[in-house]
Amino acid sequence: MASVPKAMGGILIEKTGDSSVLQWKTDIPVPELADGQILVKNEWVGVNYIDTYFRAGLYKAPLPMITGAEAGGIVAAVHESVCGFKPGDRVGYLDPARGAYAQYKAVAASKAITLPEGVTTHTAAASLLQGLTALTLIREAHHVKPTDWILVTAAAGGVGSILCEMISSVGAKIIGTAGTPEKMEQARKNGANYVISSRDPPEKIVSEIMKITGGHGCDGIFDGVGKATFDIDIEVAARKATVCTYGNASGLVPPVDVMRLAGGKNLKLCRPTLFAYLAEPEEFEQYSTELIDMLKKGIVKLANTTDYKLEDAKSAHDDLEGRKSTGKLLLQVPQ
Ligand SMILES: NC(=O)c1ccc[n+]([C@@H]2O[C@H](COP(=O)([O-])OP(=O)(O)OC[C@H]3O[C@@H](n4cnc5c(N)ncnc54)[C@H](OP(=O)(O)O)[C@@H]3O)[C@@H](O)[C@H]2O)c1
């Protein structure tokens with residue numbers, strides 16, 4: 001194992017703003033290990049929408065900051081208080097403390113998993129955050145049943161693609177939305193039974209969903225778009241449905257009048273976050289073990305990934321926010 005340098009390259013955000021604030025620097029101190037931590041030499045970093053929220057200042061964090069919550073790489077050093085990891089181990093991690101857009105990251109050992117044979121560091125960085133989000137949504141936010149009608153917005157996107165794969169493996173019927181003919185085709189490949197253009201007017205989207213479901217509506221709604229689609233969600237929800245609004249790609253959902261949940265339908269509304277589902281180490285272990293099993297069985301395929309250089313994180317953010325991307329975006333870390 002090569003010795004750990006004092007300085008590293010990474011994307012440092014000194015002020016919040018548009019993607020131009022993502023600056024590549026080569027003189028960032030390598031983090032020192034604290035109790036319970038391992039130092040990971042990142043190989044691949046996963047790009048997630050939450051990275052853009054911190055970059056833009058929608059979610060607050062002290063500056064300067066390194067964004068990024070997930071990566072796959074090699075353990076470079078281990079704090080003496082940690083057992084179960086050693087230098088040279090291949091690991092994936094998911095850490096709400098951010099700091100992944102860099103060559104090295106100090107991670108709580110409880111947020112990392114050793115990767116089994118056949119699961120690459122690229123796969124770990126591509127699947128942990130979005131895969132565990134999809135898995136906890138279909139288990140905890142709305143436990144999907146084979147008889148359900150489910151609406152998945154952005155069904156060709158990162159979380160949306162994995163949601164479609166997992167939900168179709170349960171046997172439920174999926175209505176997906178997507179923004180271009182190519183994305184609509186991708187959503188079908190992901191397992192959506194019906195696909196509607198997300199560029200259609202809301203009234204048209206509502207009437208198509210009600211027609212497809214024979215007037216029943218959707219029993220579960222997984223919506224990562226947020227502000228632009230929330231009203232559609234409430235309209236197309238079936239009686240006793242769960243409306244799960246889990247993201248803000250189009251902006252924050254404004255405060256909701258709870259009486260909108262009554263209206264003869266007795267709706268359940270939730271706004272979950274992955275990290276609150278994984279607060280206990282056993283929860284992370286249980287769900288990550290199940291996700292790896294789904295990767296091995298081919299339920300989650302990660303068939304659609306796009307790689308960028310870490311130094312060019314700006315292009316990845318531009319494509320994600322510009323609705324140009326499908327599937328998972330990753331950053332390759334210079335070694
Ligand atoms: N709650 C949690 O713990 C959690 C965890 C992970 C992700 N998330 C959320 O899940 C959502 C999806 O994340 P992702 O990384 O997988 O992104 P993504 O779905 O790959 O990208 C966002 C997609 O949203 C759609 N969209 C519709 N209207 C939009 C608008 N006005 N602006 C931007 N996008 C719009 C676009 O798809 P079309 O063009 O096909 O319509 C776009 O490609 C994000 O909101 C993210 O914050 C939440």
# chains A, B, ... in the order shown; residues from 1 in each chain; ligands from 1

call {"tool": "residues_around", "arguments": {"residues": "Val47 in chain A", "least_positions_apart": "3", "cutoff": "7 Å", "atoms": "only C-alpha atoms", "output": "count of residues only"}}
result
4

call {"tool": "select_by_dssp", "arguments": {"residues": "range 43-186 of chain A", "states": "alpha helix (DSSP H)", "output": "mmCIF file with all heavy atoms, in the first residue's frame"}}
result
data_model
loop_
_atom_site.group_PDB
_atom_site.id
_atom_site.type_symbol
_atom_site.label_atom_id
_atom_site.label_comp_id
_atom_site.auth_asym_id
_atom_site.auth_seq_id
_atom_site.Cartn_x
_atom_site.Cartn_y
_atom_site.Cartn_z
ATOM 1 N N TYR A 49 -28.424 14.158 -6.623
ATOM 2 C CA TYR A 49 -29.068 15.477 -6.639
ATOM 3 C C TYR A 49 -28.763 16.269 -5.374
ATOM 4 O O TYR A 49 -28.617 17.491 -5.398
ATOM 5 C CB TYR A 49 -30.582 15.333 -6.837
ATOM 6 C CG TYR A 49 -31.063 16.223 -7.948
ATOM 7 C CD1 TYR A 49 -31.226 15.740 -9.237
ATOM 8 C CD2 TYR A 49 -31.295 17.572 -7.722
ATOM 9 C CE1 TYR A 49 -31.621 16.572 -10.267
ATOM 10 C CE2 TYR A 49 -31.690 18.413 -8.748
ATOM 11 C CZ TYR A 49 -31.860 17.907 -10.013
ATOM 12 O OH TYR A 49 -32.240 18.746 -11.026
ATOM 13 N N ILE A 50 -28.640 15.566 -4.247
ATOM 14 C CA ILE A 50 -28.381 16.265 -2.981
ATOM 15 C C ILE A 50 -27.060 17.050 -3.047
ATOM 16 O O ILE A 50 -26.926 18.096 -2.405
ATOM 17 C CB ILE A 50 -28.401 15.266 -1.790
ATOM 18 C CG1 ILE A 50 -28.472 16.015 -0.456
ATOM 19 C CG2 ILE A 50 -27.217 14.320 -1.824
ATOM 20 C CD1 ILE A 50 -28.759 15.118 0.746
ATOM 21 N N ASP A 51 -26.103 16.573 -3.870
ATOM 22 C CA ASP A 51 -24.834 17.298 -4.018
ATOM 23 C C ASP A 51 -25.096 18.695 -4.596
ATOM 24 O O ASP A 51 -24.414 19.664 -4.238
ATOM 25 C CB ASP A 51 -23.877 16.552 -4.958
ATOM 26 C CG ASP A 51 -23.681 15.096 -4.569
ATOM 27 O OD1 ASP A 51 -24.003 14.731 -3.425
ATOM 28 O OD2 ASP A 51 -23.202 14.320 -5.434
ATOM 29 N N THR A 52 -26.086 18.777 -5.490
ATOM 30 C CA THR A 52 -26.395 20.080 -6.106
ATOM 31 C C THR A 52 -27.095 20.989 -5.096
ATOM 32 O O THR A 52 -26.934 22.201 -5.130
ATOM 33 C CB THR A 52 -27.271 19.933 -7.371
ATOM 34 O OG1 THR A 52 -28.602 19.546 -6.997
ATOM 35 C CG2 THR A 52 -26.700 18.914 -8.335
ATOM 36 N N TYR A 53 -27.903 20.393 -4.177
ATOM 37 C CA TYR A 53 -28.600 21.220 -3.180
ATOM 38 C C TYR A 53 -27.579 21.880 -2.249
ATOM 39 O O TYR A 53 -27.716 23.055 -1.886
ATOM 40 C CB TYR A 53 -29.565 20.387 -2.325
ATOM 41 C CG TYR A 53 -30.641 19.631 -3.085
ATOM 42 C CD1 TYR A 53 -31.148 18.441 -2.575
ATOM 43 C CD2 TYR A 53 -31.168 20.097 -4.285
ATOM 44 C CE1 TYR A 53 -32.140 17.734 -3.248
ATOM 45 C CE2 TYR A 53 -32.157 19.387 -4.956
ATOM 46 C CZ TYR A 53 -32.639 18.206 -4.431
ATOM 47 O OH TYR A 53 -33.617 17.507 -5.100
ATOM 48 N N PHE A 54 -26.542 21.120 -1.834
ATOM 49 C CA PHE A 54 -25.511 21.715 -0.966
ATOM 50 C C PHE A 54 -24.690 22.745 -1.743
ATOM 51 O O PHE A 54 -24.375 23.816 -1.241
ATOM 52 C CB PHE A 54 -24.597 20.627 -0.375
ATOM 53 C CG PHE A 54 -25.221 19.942 0.815
ATOM 54 C CD1 PHE A 54 -25.682 18.649 0.730
ATOM 55 C CD2 PHE A 54 -25.354 20.614 2.025
ATOM 56 C CE1 PHE A 54 -26.276 18.023 1.827
ATOM 57 C CE2 PHE A 54 -25.941 19.998 3.126
ATOM 58 C CZ PHE A 54 -26.401 18.698 3.023
ATOM 59 N N ARG A 55 -24.351 22.414 -2.995
ATOM 60 C CA ARG A 55 -23.573 23.351 -3.824
ATOM 61 C C ARG A 55 -24.321 24.672 -4.014
ATOM 62 O O ARG A 55 -23.740 25.761 -3.900
ATOM 63 C CB ARG A 55 -23.299 22.708 -5.201
ATOM 64 C CG ARG A 55 -22.390 23.511 -6.090
ATOM 65 C CD ARG A 55 -22.765 23.340 -7.555
ATOM 66 N NE ARG A 55 -23.981 24.041 -7.875
ATOM 67 C CZ ARG A 55 -24.947 23.591 -8.671
ATOM 68 N NH1 ARG A 55 -24.856 22.429 -9.280
ATOM 69 N NH2 ARG A 55 -26.028 24.326 -8.889
ATOM 70 N N ALA A 56 -25.638 24.567 -4.253
ATOM 71 C CA ALA A 56 -26.439 25.764 -4.538
ATOM 72 C C ALA A 56 -26.828 26.529 -3.270
ATOM 73 O O ALA A 56 -27.266 27.675 -3.356
ATOM 74 C CB ALA A 56 -27.694 25.359 -5.304
ATOM 75 N N THR A 121 -15.760 -1.216 -7.318
ATOM 76 C CA THR A 121 -15.898 0.089 -6.659
ATOM 77 C C THR A 121 -16.779 1.015 -7.520
ATOM 78 O O THR A 121 -17.456 1.894 -6.990
ATOM 79 C CB THR A 121 -14.525 0.738 -6.400
ATOM 80 O OG1 THR A 121 -13.778 0.796 -7.626
ATOM 81 C CG2 THR A 121 -13.736 -0.056 -5.365
ATOM 82 N N HIS A 122 -16.807 0.789 -8.820
ATOM 83 C CA HIS A 122 -17.697 1.549 -9.716
ATOM 84 C C HIS A 122 -19.156 1.211 -9.376
ATOM 85 O O HIS A 122 -19.998 2.103 -9.217
ATOM 86 C CB HIS A 122 -17.368 1.184 -11.170
ATOM 87 C CG HIS A 122 -18.101 1.979 -12.206
ATOM 88 N ND1 HIS A 122 -19.335 1.604 -12.695
ATOM 89 C CD2 HIS A 122 -17.787 3.136 -12.855
ATOM 90 C CE1 HIS A 122 -19.749 2.489 -13.609
ATOM 91 N NE2 HIS A 122 -18.816 3.436 -13.723
ATOM 92 N N THR A 123 -19.449 -0.070 -9.216
ATOM 93 C CA THR A 123 -20.811 -0.494 -8.873
ATOM 94 C C THR A 123 -21.232 0.070 -7.525
ATOM 95 O O THR A 123 -22.369 0.532 -7.358
ATOM 96 C CB THR A 123 -20.893 -2.043 -8.842
ATOM 97 O OG1 THR A 123 -20.614 -2.517 -10.157
ATOM 98 C CG2 THR A 123 -22.258 -2.530 -8.412
ATOM 99 N N ALA A 124 -20.328 0.046 -6.547
ATOM 100 C CA ALA A 124 -20.668 0.567 -5.212
ATOM 101 C C ALA A 124 -21.025 2.041 -5.304
ATOM 102 O O ALA A 124 -22.038 2.494 -4.748
ATOM 103 C CB ALA A 124 -19.506 0.354 -4.249
ATOM 104 N N ALA A 125 -20.188 2.809 -6.025
ATOM 105 C CA ALA A 125 -20.441 4.249 -6.134
ATOM 106 C C ALA A 125 -21.704 4.532 -6.942
ATOM 107 O O ALA A 125 -22.340 5.571 -6.772
ATOM 108 C CB ALA A 125 -19.236 4.941 -6.769
ATOM 109 N N ALA A 126 -22.067 3.593 -7.825
ATOM 110 C CA ALA A 126 -23.252 3.797 -8.668
ATOM 111 C C ALA A 126 -24.541 3.423 -7.961
ATOM 112 O O ALA A 126 -25.620 3.835 -8.375
ATOM 113 C CB ALA A 126 -23.116 2.976 -9.951
ATOM 114 N N SER A 127 -24.441 2.618 -6.911
ATOM 115 C CA SER A 127 -25.685 2.008 -6.414
ATOM 116 C C SER A 127 -26.049 2.338 -4.974
ATOM 117 O O SER A 127 -27.209 2.222 -4.605
ATOM 118 C CB SER A 127 -25.588 0.489 -6.545
ATOM 119 O OG SER A 127 -24.524 0.002 -5.757
ATOM 120 N N LEU A 128 -25.067 2.704 -4.149
ATOM 121 C CA LEU A 128 -25.396 2.756 -2.714
ATOM 122 C C LEU A 128 -26.482 3.778 -2.408
ATOM 123 O O LEU A 128 -27.519 3.430 -1.834
ATOM 124 C CB LEU A 128 -24.134 3.044 -1.889
ATOM 125 C CG LEU A 128 -23.275 1.809 -1.594
ATOM 126 C CD1 LEU A 128 -21.983 2.200 -0.895
ATOM 127 C CD2 LEU A 128 -24.044 0.791 -0.749
ATOM 128 N N LEU A 129 -26.282 5.036 -2.753
ATOM 129 C CA LEU A 129 -27.256 6.042 -2.326
ATOM 130 C C LEU A 129 -28.606 5.858 -3.027
ATOM 131 O O LEU A 129 -29.650 5.782 -2.381
ATOM 132 C CB LEU A 129 -26.706 7.454 -2.534
ATOM 133 C CG LEU A 129 -27.491 8.525 -1.768
ATOM 134 C CD1 LEU A 129 -26.580 9.667 -1.297
ATOM 135 C CD2 LEU A 129 -28.648 9.099 -2.557
ATOM 136 N N GLN A 130 -28.569 5.748 -4.345
ATOM 137 C CA GLN A 130 -29.850 5.657 -5.063
ATOM 138 C C GLN A 130 -30.509 4.294 -4.863
ATOM 139 O O GLN A 130 -31.737 4.198 -4.754
ATOM 140 C CB GLN A 130 -29.636 5.974 -6.545
ATOM 141 C CG GLN A 130 -29.219 7.437 -6.726
ATOM 142 C CD GLN A 130 -28.891 7.826 -8.139
ATOM 143 O OE1 GLN A 130 -28.625 6.979 -8.979
ATOM 144 N NE2 GLN A 130 -28.876 9.126 -8.410
ATOM 145 N N GLY A 131 -29.705 3.232 -4.778
ATOM 146 C CA GLY A 131 -30.262 1.898 -4.564
ATOM 147 C C GLY A 131 -30.894 1.771 -3.186
ATOM 148 O O GLY A 131 -31.989 1.219 -3.036
ATOM 149 N N LEU A 132 -30.200 2.282 -2.170
ATOM 150 C CA LEU A 132 -30.759 2.194 -0.813
ATOM 151 C C LEU A 132 -31.963 3.124 -0.669
ATOM 152 O O LEU A 132 -32.893 2.827 0.088
ATOM 153 C CB LEU A 132 -29.685 2.507 0.229
ATOM 154 C CG LEU A 132 -28.584 1.436 0.315
ATOM 155 C CD1 LEU A 132 -27.473 1.869 1.272
ATOM 156 C CD2 LEU A 132 -29.145 0.089 0.735
ATOM 157 N N THR A 133 -31.955 4.242 -1.392
ATOM 158 C CA THR A 133 -33.144 5.103 -1.384
ATOM 159 C C THR A 133 -34.334 4.333 -1.937
ATOM 160 O O THR A 133 -35.401 4.252 -1.309
ATOM 161 C CB THR A 133 -32.908 6.370 -2.233
ATOM 162 O OG1 THR A 133 -31.821 7.096 -1.667
ATOM 163 C CG2 THR A 133 -34.141 7.258 -2.286
ATOM 164 N N ALA A 134 -34.154 3.731 -3.110
ATOM 165 C CA ALA A 134 -35.268 2.988 -3.732
ATOM 166 C C ALA A 134 -35.737 1.858 -2.815
ATOM 167 O O ALA A 134 -36.944 1.661 -2.618
ATOM 168 C CB ALA A 134 -34.827 2.447 -5.094
ATOM 169 N N LEU A 135 -34.781 1.146 -2.223
ATOM 170 C CA LEU A 135 -35.149 -0.009 -1.388
ATOM 171 C C LEU A 135 -35.913 0.428 -0.136
ATOM 172 O O LEU A 135 -36.935 -0.177 0.216
ATOM 173 C CB LEU A 135 -33.865 -0.767 -1.013
ATOM 174 C CG LEU A 135 -34.018 -2.092 -0.296
ATOM 175 C CD1 LEU A 135 -34.953 -3.045 -1.034
ATOM 176 C CD2 LEU A 135 -32.635 -2.756 -0.125
ATOM 177 N N THR A 136 -35.453 1.473 0.530
ATOM 178 C CA THR A 136 -36.160 1.916 1.742
ATOM 179 C C THR A 136 -37.519 2.528 1.372
ATOM 180 O O THR A 136 -38.489 2.371 2.116
ATOM 181 C CB THR A 136 -35.325 2.920 2.561
ATOM 182 O OG1 THR A 136 -34.867 3.969 1.702
ATOM 183 C CG2 THR A 136 -34.138 2.249 3.217
ATOM 184 N N GLY A 158 -31.834 8.548 -11.953
ATOM 185 C CA GLY A 158 -31.022 7.692 -11.085
ATOM 186 C C GLY A 158 -31.886 6.855 -10.157
ATOM 187 O O GLY A 158 -31.944 5.618 -10.275
ATOM 188 N N VAL A 159 -32.589 7.495 -9.221
ATOM 189 C CA VAL A 159 -33.442 6.746 -8.291
ATOM 190 C C VAL A 159 -34.589 6.083 -9.052
ATOM 191 O O VAL A 159 -34.931 4.923 -8.798
ATOM 192 C CB VAL A 159 -34.007 7.673 -7.186
ATOM 193 C CG1 VAL A 159 -34.898 6.889 -6.237
ATOM 194 C CG2 VAL A 159 -32.882 8.354 -6.410
ATOM 195 N N GLY A 160 -35.178 6.826 -10.012
ATOM 196 C CA GLY A 160 -36.350 6.317 -10.737
ATOM 197 C C GLY A 160 -36.061 5.006 -11.459
ATOM 198 O O GLY A 160 -36.892 4.083 -11.455
ATOM 199 N N SER A 161 -34.882 4.880 -12.073
ATOM 200 C CA SER A 161 -34.536 3.639 -12.796
ATOM 201 C C SER A 161 -34.521 2.459 -11.840
ATOM 202 O O SER A 161 -35.077 1.391 -12.132
ATOM 203 C CB SER A 161 -33.140 3.761 -13.436
ATOM 204 O OG SER A 161 -33.147 4.725 -14.446
ATOM 205 N N ILE A 162 -33.895 2.661 -10.677
ATOM 206 C CA ILE A 162 -33.774 1.533 -9.725
ATOM 207 C C ILE A 162 -35.138 1.228 -9.110
ATOM 208 O O ILE A 162 -35.485 0.063 -8.896
ATOM 209 C CB ILE A 162 -32.706 1.840 -8.650
ATOM 210 C CG1 ILE A 162 -31.357 2.106 -9.322
ATOM 211 C CG2 ILE A 162 -32.591 0.684 -7.668
ATOM 212 C CD1 ILE A 162 -30.206 2.416 -8.366
ATOM 213 N N LEU A 163 -35.934 2.281 -8.850
ATOM 214 C CA LEU A 163 -37.297 2.044 -8.349
ATOM 215 C C LEU A 163 -38.060 1.140 -9.321
ATOM 216 O O LEU A 163 -38.706 0.174 -8.901
ATOM 217 C CB LEU A 163 -38.039 3.373 -8.200
ATOM 218 C CG LEU A 163 -37.911 4.112 -6.876
ATOM 219 C CD1 LEU A 163 -38.532 5.504 -6.980
ATOM 220 C CD2 LEU A 163 -38.544 3.335 -5.724
ATOM 221 N N CYS A 164 -37.993 1.459 -10.617
ATOM 222 C CA CYS A 164 -38.723 0.641 -11.606
ATOM 223 C C CYS A 164 -38.233 -0.805 -11.577
ATOM 224 O O CYS A 164 -39.044 -1.744 -11.614
ATOM 225 C CB CYS A 164 -38.549 1.219 -13.018
ATOM 226 S SG CYS A 164 -39.435 2.753 -13.276
ATOM 227 N N GLU A 165 -36.910 -0.989 -11.507
ATOM 228 C CA GLU A 165 -36.380 -2.365 -11.488
ATOM 229 C C GLU A 165 -36.886 -3.123 -10.260
ATOM 230 O O GLU A 165 -37.317 -4.275 -10.345
ATOM 231 C CB GLU A 165 -34.846 -2.331 -11.501
ATOM 232 C CG GLU A 165 -34.273 -1.835 -12.813
ATOM 233 C CD GLU A 165 -32.751 -1.691 -12.780
ATOM 234 O OE1 GLU A 165 -32.162 -1.450 -11.711
ATOM 235 O OE2 GLU A 165 -32.150 -1.818 -13.858
ATOM 236 N N MET A 166 -36.827 -2.464 -9.100
ATOM 237 C CA MET A 166 -37.229 -3.160 -7.868
ATOM 238 C C MET A 166 -38.737 -3.416 -7.836
ATOM 239 O O MET A 166 -39.187 -4.484 -7.431
ATOM 240 C CB MET A 166 -36.824 -2.331 -6.640
ATOM 241 C CG MET A 166 -35.326 -2.314 -6.394
ATOM 242 S SD MET A 166 -34.965 -1.382 -4.884
ATOM 243 C CE MET A 166 -33.171 -1.509 -4.848
ATOM 244 N N ILE A 167 -39.520 -2.412 -8.261
ATOM 245 C CA ILE A 167 -40.985 -2.559 -8.191
ATOM 246 C C ILE A 167 -41.447 -3.619 -9.186
ATOM 247 O O ILE A 167 -42.330 -4.414 -8.891
ATOM 248 C CB ILE A 167 -41.677 -1.199 -8.450
ATOM 249 C CG1 ILE A 167 -41.356 -0.237 -7.301
ATOM 250 C CG2 ILE A 167 -43.182 -1.368 -8.607
ATOM 251 C CD1 ILE A 167 -41.711 1.211 -7.579
ATOM 252 N N SER A 168 -40.828 -3.663 -10.377
ATOM 253 C CA SER A 168 -41.273 -4.688 -11.330
ATOM 254 C C SER A 168 -40.900 -6.072 -10.824
ATOM 255 O O SER A 168 -41.619 -7.037 -11.097
ATOM 256 C CB SER A 168 -40.775 -4.423 -12.745
ATOM 257 O OG SER A 168 -39.407 -4.506 -12.795
ATOM 258 N N SER A 169 -39.838 -6.176 -10.011
ATOM 259 C CA SER A 169 -39.507 -7.512 -9.465
ATOM 260 C C SER A 169 -40.534 -7.952 -8.421
ATOM 261 O O SER A 169 -40.718 -9.147 -8.184
ATOM 262 C CB SER A 169 -38.092 -7.530 -8.877
ATOM 263 O OG SER A 169 -38.083 -6.998 -7.571
ATOM 264 N N VAL A 170 -41.239 -6.984 -7.810
ATOM 265 C CA VAL A 170 -42.325 -7.327 -6.870
ATOM 266 C C VAL A 170 -43.567 -7.757 -7.646
ATOM 267 O O VAL A 170 -44.379 -8.544 -7.166
ATOM 268 C CB VAL A 170 -42.658 -6.098 -5.966
ATOM 269 C CG1 VAL A 170 -43.877 -6.346 -5.092
ATOM 270 C CG2 VAL A 170 -41.454 -5.714 -5.118
ATOM 271 N N PRO A 181 -38.427 11.241 -25.728
ATOM 272 C CA PRO A 181 -38.712 9.887 -26.245
ATOM 273 C C PRO A 181 -37.630 8.882 -25.828
ATOM 274 O O PRO A 181 -37.935 7.735 -25.496
ATOM 275 C CB PRO A 181 -38.742 10.095 -27.765
ATOM 276 C CG PRO A 181 -39.129 11.538 -27.939
ATOM 277 C CD PRO A 181 -38.528 12.283 -26.780
ATOM 278 N N GLU A 182 -36.361 9.317 -25.820
ATOM 279 C CA GLU A 182 -35.273 8.401 -25.439
ATOM 280 C C GLU A 182 -35.407 7.995 -23.970
ATOM 281 O O GLU A 182 -35.237 6.839 -23.605
ATOM 282 C CB GLU A 182 -33.892 9.062 -25.648
ATOM 283 C CG GLU A 182 -33.535 9.400 -27.083
ATOM 284 C CD GLU A 182 -34.318 10.599 -27.650
ATOM 285 O OE1 GLU A 182 -34.716 11.487 -26.875
ATOM 286 O OE2 GLU A 182 -34.534 10.622 -28.878
ATOM 287 N N LYS A 183 -35.726 8.989 -23.128
ATOM 288 C CA LYS A 183 -35.893 8.670 -21.701
ATOM 289 C C LYS A 183 -37.126 7.781 -21.490
ATOM 290 O O LYS A 183 -37.126 6.911 -20.619
ATOM 291 C CB LYS A 183 -36.060 9.959 -20.887
ATOM 292 C CG LYS A 183 -34.787 10.763 -20.679
ATOM 293 C CD LYS A 183 -35.138 11.994 -19.843
ATOM 294 C CE LYS A 183 -33.926 12.690 -19.305
ATOM 295 N NZ LYS A 183 -34.289 13.693 -18.293
ATOM 296 N N MET A 184 -38.164 8.007 -22.300
ATOM 297 C CA MET A 184 -39.380 7.178 -22.161
ATOM 298 C C MET A 184 -39.055 5.727 -22.515
ATOM 299 O O MET A 184 -39.498 4.792 -21.840
ATOM 300 C CB MET A 184 -40.508 7.736 -23.042
ATOM 301 C CG MET A 184 -41.024 9.079 -22.529
ATOM 302 S SD MET A 184 -42.145 9.928 -23.653
ATOM 303 C CE MET A 184 -43.676 9.059 -23.381
ATOM 304 N N GLU A 185 -38.229 5.555 -23.548
ATOM 305 C CA GLU A 185 -37.816 4.197 -23.933
ATOM 306 C C GLU A 185 -36.979 3.567 -22.812
ATOM 307 O O GLU A 185 -37.139 2.390 -22.471
ATOM 308 C CB GLU A 185 -37.014 4.283 -25.251
ATOM 309 C CG GLU A 185 -36.603 2.960 -25.859
ATOM 310 C CD GLU A 185 -37.751 1.953 -25.975
ATOM 311 O OE1 GLU A 185 -38.903 2.356 -26.194
ATOM 312 O OE2 GLU A 185 -37.477 0.739 -25.790
ATOM 313 N N GLN A 186 -36.102 4.370 -22.217
ATOM 314 C CA GLN A 186 -35.279 3.881 -21.104
ATOM 315 C C GLN A 186 -36.168 3.456 -19.925
ATOM 316 O O GLN A 186 -35.946 2.417 -19.294
ATOM 317 C CB GLN A 186 -34.291 4.967 -20.657
ATOM 318 C CG GLN A 186 -33.324 4.531 -19.561
ATOM 319 C CD GLN A 186 -32.449 3.360 -19.990
ATOM 320 O OE1 GLN A 186 -31.865 3.369 -21.069
ATOM 321 N NE2 GLN A 186 -32.383 2.330 -19.146
#

call {"tool": "residues_near_ligand", "arguments": {"ligand": "ligand 1", "cutoff": "8 Å", "atoms": "only C-alpha atoms and all ligand atoms", "output": "NGL selection string"}}
result
:A and (47-50 or 53 or 129-130 or 133 or 153-161 or 177-180 or 183-184 or 197-199 or 223-226 or 228-229 or 245-251 or 271-276 or 320-328)

call {"tool": "atom_distance", "arguments": {"atom1": "CA of Met8 in chain A", "atom2": "CA of Lys105 in chain A"}}
result
10.1 Å

call {"tool": "atom_distance", "arguments": {"atom1": "CA of Cys244 in chain A", "atom2": "CA of Ala69 in chain A"}}
result
22.5 Å

call {"tool": "atom_distance", "arguments": {"atom1": "CA of Glu203 in chain A", "atom2": "CA of Glu235 in chain A"}}
result
9.6 Å

call {"tool": "closest_residue", "arguments": {"among": "A:Ile38, A:Cys83, A:Ile196, A:Leu58", "to": "Asp18 in chain A", "atoms": "only C-alpha atoms"}}
result
A:Leu58

call {"tool": "closest_residue", "arguments": {"among": "A:Ala303, A:Val256, A:Ile205, A:Ala106", "to": "Ala34 in chain A", "atoms": "only C-alpha atoms"}}
result
A:Ala106

call {"tool": "residues_around", "arguments": {"residues": "Glu208 in chain A", "least_positions_apart": "4", "cutoff": "12 Å", "atoms": "only C-alpha atoms", "output": "PyMOL selection string"}}
result
chain A and resi 151+175-177+194-198+200-204+212-218+232+235-236

call {"tool": "residues_around", "arguments": {"residues": "Gly84 in chain A", "least_positions_apart": "6", "cutoff": "10 Å", "atoms": "only C-alpha atoms", "output": "ChimeraX atom specification"}}
result
/A:78,109,113-114

call {"tool": "closest_residue", "arguments": {"among": "A:His317, A:Lys297, A:His142, A:Arg260", "to": "Gly220 in chain A", "atoms": "only C-alpha atoms"}}
result
A:His142

call {"tool": "closest_residue", "arguments": {"among": "A:Arg239, A:Lys309, A:Lys296, A:Lys25", "to": "Gly118 in chain A", "atoms": "only C-alpha atoms"}}
result
A:Lys296

call {"tool": "closest_residue", "arguments": {"among": "A:Cys270, A:Ala112, A:Val107, A:Leu94", "to": "Ala141 in chain A", "atoms": "only C-alpha atoms"}}
result
A:Cys270

call {"tool": "closest_residue", "arguments": {"among": "A:Ala313, A:Pro334, A:Ile234, A:Ile209", "to": "Met259 in chain A", "atoms": "only C-alpha atoms"}}
result
A:Ile234

call {"tool": "select_by_dssp", "arguments": {"residues": "range 97-287 of chain A", "states": "strand (DSSP E)", "output": "VMD selection string"}}
result
chain A and resid 104 to 108 112 to 114 149 to 152 173 to 178 194 to 197 218 to 223 237 to 245 268 to 270
